Structure formats: structure tokens, C-alpha cells
Amino acid sequence: MRLLRWFVLAALLANLGYAAWGAGLLAVFGLAPASERDPGRLEQQVRPGALRVLTPQAAAAAIAPVSPSASAAIVGPPLPSPAAASAVEGTAGASAPLACLEIGPLDNAAAVDAAERALAAVLAERSWVREQRPAGAQYVVFVGPVLSRDAARQRRDELLRLKMSFEAVELPGGEQGGYSLGKHDSEAAAQGALDGFRERGLRNARVALLRESGALRTWLRLDNLRGAAAEAVRALPADKLGGALTSACLLGSVMSVTPR
């Protein structure tokens with residue numbers, strides 16, 4: 001029985017001693033566990049002040065030839081070689097954000113074909129899809145109808161005299177051809193433009209519906225374009241793209257996609 005008591009007492013003292021050692025209470029006697037917390041880790045670092053983080057441009061400038069005296073003043077790790085600097089620049093170019101562009105709207109097959117020919121001339125491979133999107137109604141300030149060559153000439157002369165820009169259009173149904181003085185997304189906007197033309201002396205013009213709401217129009221969408229390819233597409237003029245414009249993609253739009 002006495003032996004069991006001595007065993008329990010020894011185990012208790014051993015646990016108390018281990019707890020005191022782990023808590024650092026015995027550090028005054030040189031008995032303490034190794035510390036893994038800062039600043040202990042900082043003291044284990046080798047020349048931390050010599051570490052330099054360089055941008056690709058700074059790396060390229062740093063590897064330029066320098067005089068012996070200047071070389072002696074450089075403190076830090078060896079500078080990257082030209083091959084390493086080129087690799088850094090290539091990695092930076094590869095990590096550049098990708099662009100998504102779209103061209104449209106394209107109202108007819110001829111405009112779509114023209115835009116696709118222009119894209120094929122500047123891109124290494126066909127990387128676009130056609131998208132069909134429903135369009136809203138469109139109104140024009142309409143001068144017409146023009147039913148004969150003499151009437152067409154008179155209308156043109158009048159518009160030129162008033163220094164107005166115009167284009168030939170045909171209203172839905174194919175029976176009323178004439179001239180448009182501008183396209184608008186609402187009837188109210190077209191009416192406001194018409195009032196301005198009347199103040200300039202225009203007569204016999206009216207607001208007309210050019211396209212009903214819900215008509216499908218074509219857009220060309222180009223995903224994942226890198227810098228050079230994106231700039232080449234942006235540089236294409238509208239007259240080579242079927243009269244359409246190039247813009248950033250609309251995210252989250254609902255549309256049907258027809259791969260080509």
C-alpha cells in the first residue's frame with residue numbers, strides 16, 4: 001500500500017514539473033522549451049534586408065551595364081539574367097486580363113458577312129460566335145414617301161439646302177421608301193428631333209416606325225481575346241464592320257448563340 005502511495009506521489013510531481021517546464025516557469029534555471037514565435041523566427045532569417053521584389057521594368061533596368069564603382073555599391077542577391085528578365089515579361093503578358101468584345105447590331109446578312117470578313121483579316125483563327133438578340137422598337141424622322149425619281153431629286157435638294165444629313169430607308173411592308181433624318185429608340189425622342197427640324201424650315205416630315213419591337217438582330221461575340229488581338233479588333237472601322245460598332249461584352253444578357 002505504501003509503495004502505491006509513493007508511485008502516485010511521483011507521478012503527480014512529474015506532471016507538475018512538466019507543466020511548469022511547458023509554461024516557462026523553469027526558464028530561470030535554463031529549463032524551457034524552444035520558442036517558435038516571433039521575434040525568434042525573424043532572428044533565424046538570413047539577410048532579410050537584402051530581399052528585393054522587382055517589377056519586370058525594374059528588372060530590365062537593373063540588368064543594364066553599370067560601372068565597376070556602381071557595381072560595388074549594389075547590395076543584395078544576384079540580379080536576374082536577361083533570359084530570366086524576358087521570362088518574367090512573358091509571364092506578365094500571359095497573365096494580362098483577357099478581353100471580351102462584341103460587334104453589332106448587324107441588321108442584315110450583308111452586314112454580318114462584311115463584319116466577319118474584316119475579323120478574319122486580323123485574327124489568326126475564327127474565334128467568334130453569332131448571337132441573336134431581340135431588339136426594341138426603332139423610330140425615324142421620315143421624309144417621304146418618294147414615289148418617283150423627280151420626287152426623290154426634289155427631296156434630296158431640299159435636305160441638302162437645309163444642310164441636313166440623311167439616308168435612304170424603307171419602312172416595314174416595302175411600300176414606302178424615303179429618307180431618314182435620324183433613328184431613335186422611342187417615339188418621343190423622334191418627335192423631339194422632328195420639332196427641331198421643323199424649326200430649321202423642314203416641311204413634309206413625320207415620325208415613322210422603322211422596326212417593331214422583338215425583331216432579332218445579329219451580334220458577333222469574341223471571348224478571351226489577348227491584348228494584341230483585342231486592339232486589332234478595336235481598330236477596325238465601322239464601315240468595314242457592316243456599319244456596326246465594337247464595344248465591351250454585355251454580361252448577364254440572355255441570348256441564343258449560334259456557333260459558326
# chains A, B, ... in the order shown; residues from 1 in each chain; ligands from 1
call {"tool": "residues_around", "arguments": {"residues": "Ala152 of chain A", "least_positions_apart": "5", "cutoff": "12 Å", "atoms": "only C-alpha atoms", "output": "tab-separated table (two decimals) with C-alpha atoms, in the first residue's frame"}}
result
chain	number	residue	atom	x	y	z
A	143	VAL	CA	-39.24	62.31	-95.28
A	144	GLY	CA	-41.37	60.59	-97.87
A	145	PRO	CA	-42.72	58.52	-99.37
A	146	VAL	CA	-40.68	59.01	-102.52
A	147	LEU	CA	-42.66	57.58	-105.44
A	157	ASP	CA	-32.27	69.06	-102.96
A	158	GLU	CA	-34.42	70.31	-100.09
A	159	LEU	CA	-32.44	68.38	-97.48
A	167	GLU	CA	-30.02	58.21	-95.59
A	168	ALA	CA	-32.40	56.17	-97.72
A	177	GLY	CA	-39.34	54.32	-99.36
A	178	GLY	CA	-37.91	57.68	-98.37
A	179	TYR	CA	-35.21	59.39	-96.34
call {"tool": "select_by_dssp", "arguments": {"residues": "segment 197-241 of chain A", "states": "alpha helix (DSSP H)", "output": "list in words"}}
result
Phe197, Arg198, Glu199, Gly227, Ala228, Ala229, Ala230, Glu231, Ala232, Val233 and Arg234 of chain A
call {"tool": "closest_residue", "arguments": {"among": "A:Gly22, A:Ala205, A:Arg133, A:Glu125", "to": "Leu106 of chain A", "atoms": "only C-alpha atoms"}}
result
A:Arg133
call {"tool": "closest_residue", "arguments": {"among": "A:Leu194, A:Leu101, A:Leu162, A:Val122", "to": "Leu236 of chain A", "atoms": "only C-alpha atoms"}}
result
A:Val122
call {"tool": "atom_distance", "arguments": {"atom1": "atom CA of Tyr139 of chain A", "atom2": "atom CA of Arg211 of chain A"}}
result
7.0 Å
call {"tool": "residues_around", "arguments": {"residues": "Thr246 of chain A", "least_positions_apart": "6", "cutoff": "12 Å", "atoms": "only C-alpha atoms", "output": "compact mmCIF listing (two decimals) with N, CA and C atoms, in the first residue's frame"}}
result
# COMPACT_ATOMS: atom_id res chain seq x y z
N CYS A 100 -13.26 40.66 -73.74
CA CYS A 100 -14.44 40.14 -74.44
C CYS A 100 -15.07 41.31 -75.18
N LEU A 101 -15.16 41.20 -76.49
CA LEU A 101 -15.69 42.28 -77.32
C LEU A 101 -16.89 41.76 -78.12
N GLU A 102 -17.75 42.67 -78.49
CA GLU A 102 -18.87 42.31 -79.35
C GLU A 102 -19.07 43.40 -80.40
N ILE A 103 -19.54 42.96 -81.56
CA ILE A 103 -19.74 43.85 -82.70
C ILE A 103 -21.20 43.78 -83.09
N GLY A 104 -21.85 44.93 -83.15
CA GLY A 104 -23.25 44.92 -83.50
C GLY A 104 -23.90 46.25 -83.16
N PRO A 105 -25.18 46.36 -83.46
CA PRO A 105 -26.01 45.34 -84.08
C PRO A 105 -25.83 45.29 -85.60
N LEU A 106 -26.02 44.09 -86.15
CA LEU A 106 -25.94 43.87 -87.59
C LEU A 106 -27.34 43.51 -88.08
N ALA A 115 -18.72 42.11 -91.66
CA ALA A 115 -18.04 42.12 -90.37
C ALA A 115 -17.17 40.88 -90.19
N LEU A 119 -13.04 40.63 -89.57
CA LEU A 119 -12.44 39.93 -88.44
C LEU A 119 -11.46 38.86 -88.90
N TRP A 219 -25.39 39.88 -83.48
CA TRP A 219 -24.17 40.42 -82.89
C TRP A 219 -23.08 39.38 -83.03
N LEU A 220 -21.85 39.82 -83.14
CA LEU A 220 -20.69 38.92 -83.16
C LEU A 220 -19.96 39.08 -81.83
N ARG A 221 -19.80 37.97 -81.13
CA ARG A 221 -19.17 37.99 -79.80
C ARG A 221 -17.81 37.31 -79.86
N LEU A 222 -16.78 37.97 -79.33
CA LEU A 222 -15.42 37.44 -79.31
C LEU A 222 -14.95 37.35 -77.87
N ALA A 230 -7.16 41.93 -79.27
CA ALA A 230 -8.23 42.86 -78.90
C ALA A 230 -8.02 44.23 -79.52
N GLU A 231 -6.78 44.71 -79.51
CA GLU A 231 -6.50 46.01 -80.11
C GLU A 231 -6.74 46.00 -81.62
N ALA A 232 -6.41 44.88 -82.28
CA ALA A 232 -6.64 44.78 -83.72
C ALA A 232 -8.12 44.85 -84.04
N VAL A 233 -8.95 44.23 -83.21
CA VAL A 233 -10.40 44.27 -83.44
C VAL A 233 -10.94 45.67 -83.17
N ARG A 234 -10.47 46.29 -82.09
CA ARG A 234 -10.94 47.65 -81.77
C ARG A 234 -10.57 48.65 -82.86
N ALA A 235 -9.48 48.40 -83.56
CA ALA A 235 -9.03 49.34 -84.59
C ALA A 235 -9.83 49.25 -85.87
N LEU A 236 -10.67 48.23 -86.03
CA LEU A 236 -11.44 48.10 -87.27
C LEU A 236 -12.50 49.19 -87.34
N PRO A 237 -12.57 49.94 -88.44
CA PRO A 237 -13.58 51.00 -88.57
C PRO A 237 -14.96 50.43 -88.80
N ALA A 238 -15.97 51.23 -88.47
CA ALA A 238 -17.36 50.77 -88.59
C ALA A 238 -17.74 50.45 -90.02
N ASP A 239 -17.16 51.17 -91.00
CA ASP A 239 -17.55 50.91 -92.38
C ASP A 239 -17.10 49.54 -92.87
N LYS A 240 -16.13 48.92 -92.18
CA LYS A 240 -15.72 47.56 -92.52
C LYS A 240 -16.46 46.51 -91.71
call {"tool": "residues_around", "arguments": {"residues": "Arg226 of chain A", "least_positions_apart": "2", "cutoff": "8 Å", "atoms": "only C-alpha atoms", "output": "list of chain:residue names"}}
result
A:Ala96, A:Pro97, A:Leu98, A:Ala99, A:Asn224, A:Ala228, A:Ala229, A:Ala230
call {"tool": "closest_residue", "arguments": {"among": "A:Leu31, A:Glu116, A:Leu250, A:Arg161", "to": "Tyr18 of chain A", "atoms": "only C-alpha atoms"}}
result
A:Leu31
call {"tool": "atom_distance", "arguments": {"atom1": "atom CA of Val112 of chain A", "atom2": "atom CA of Ser247 of chain A"}}
result
16.1 Å
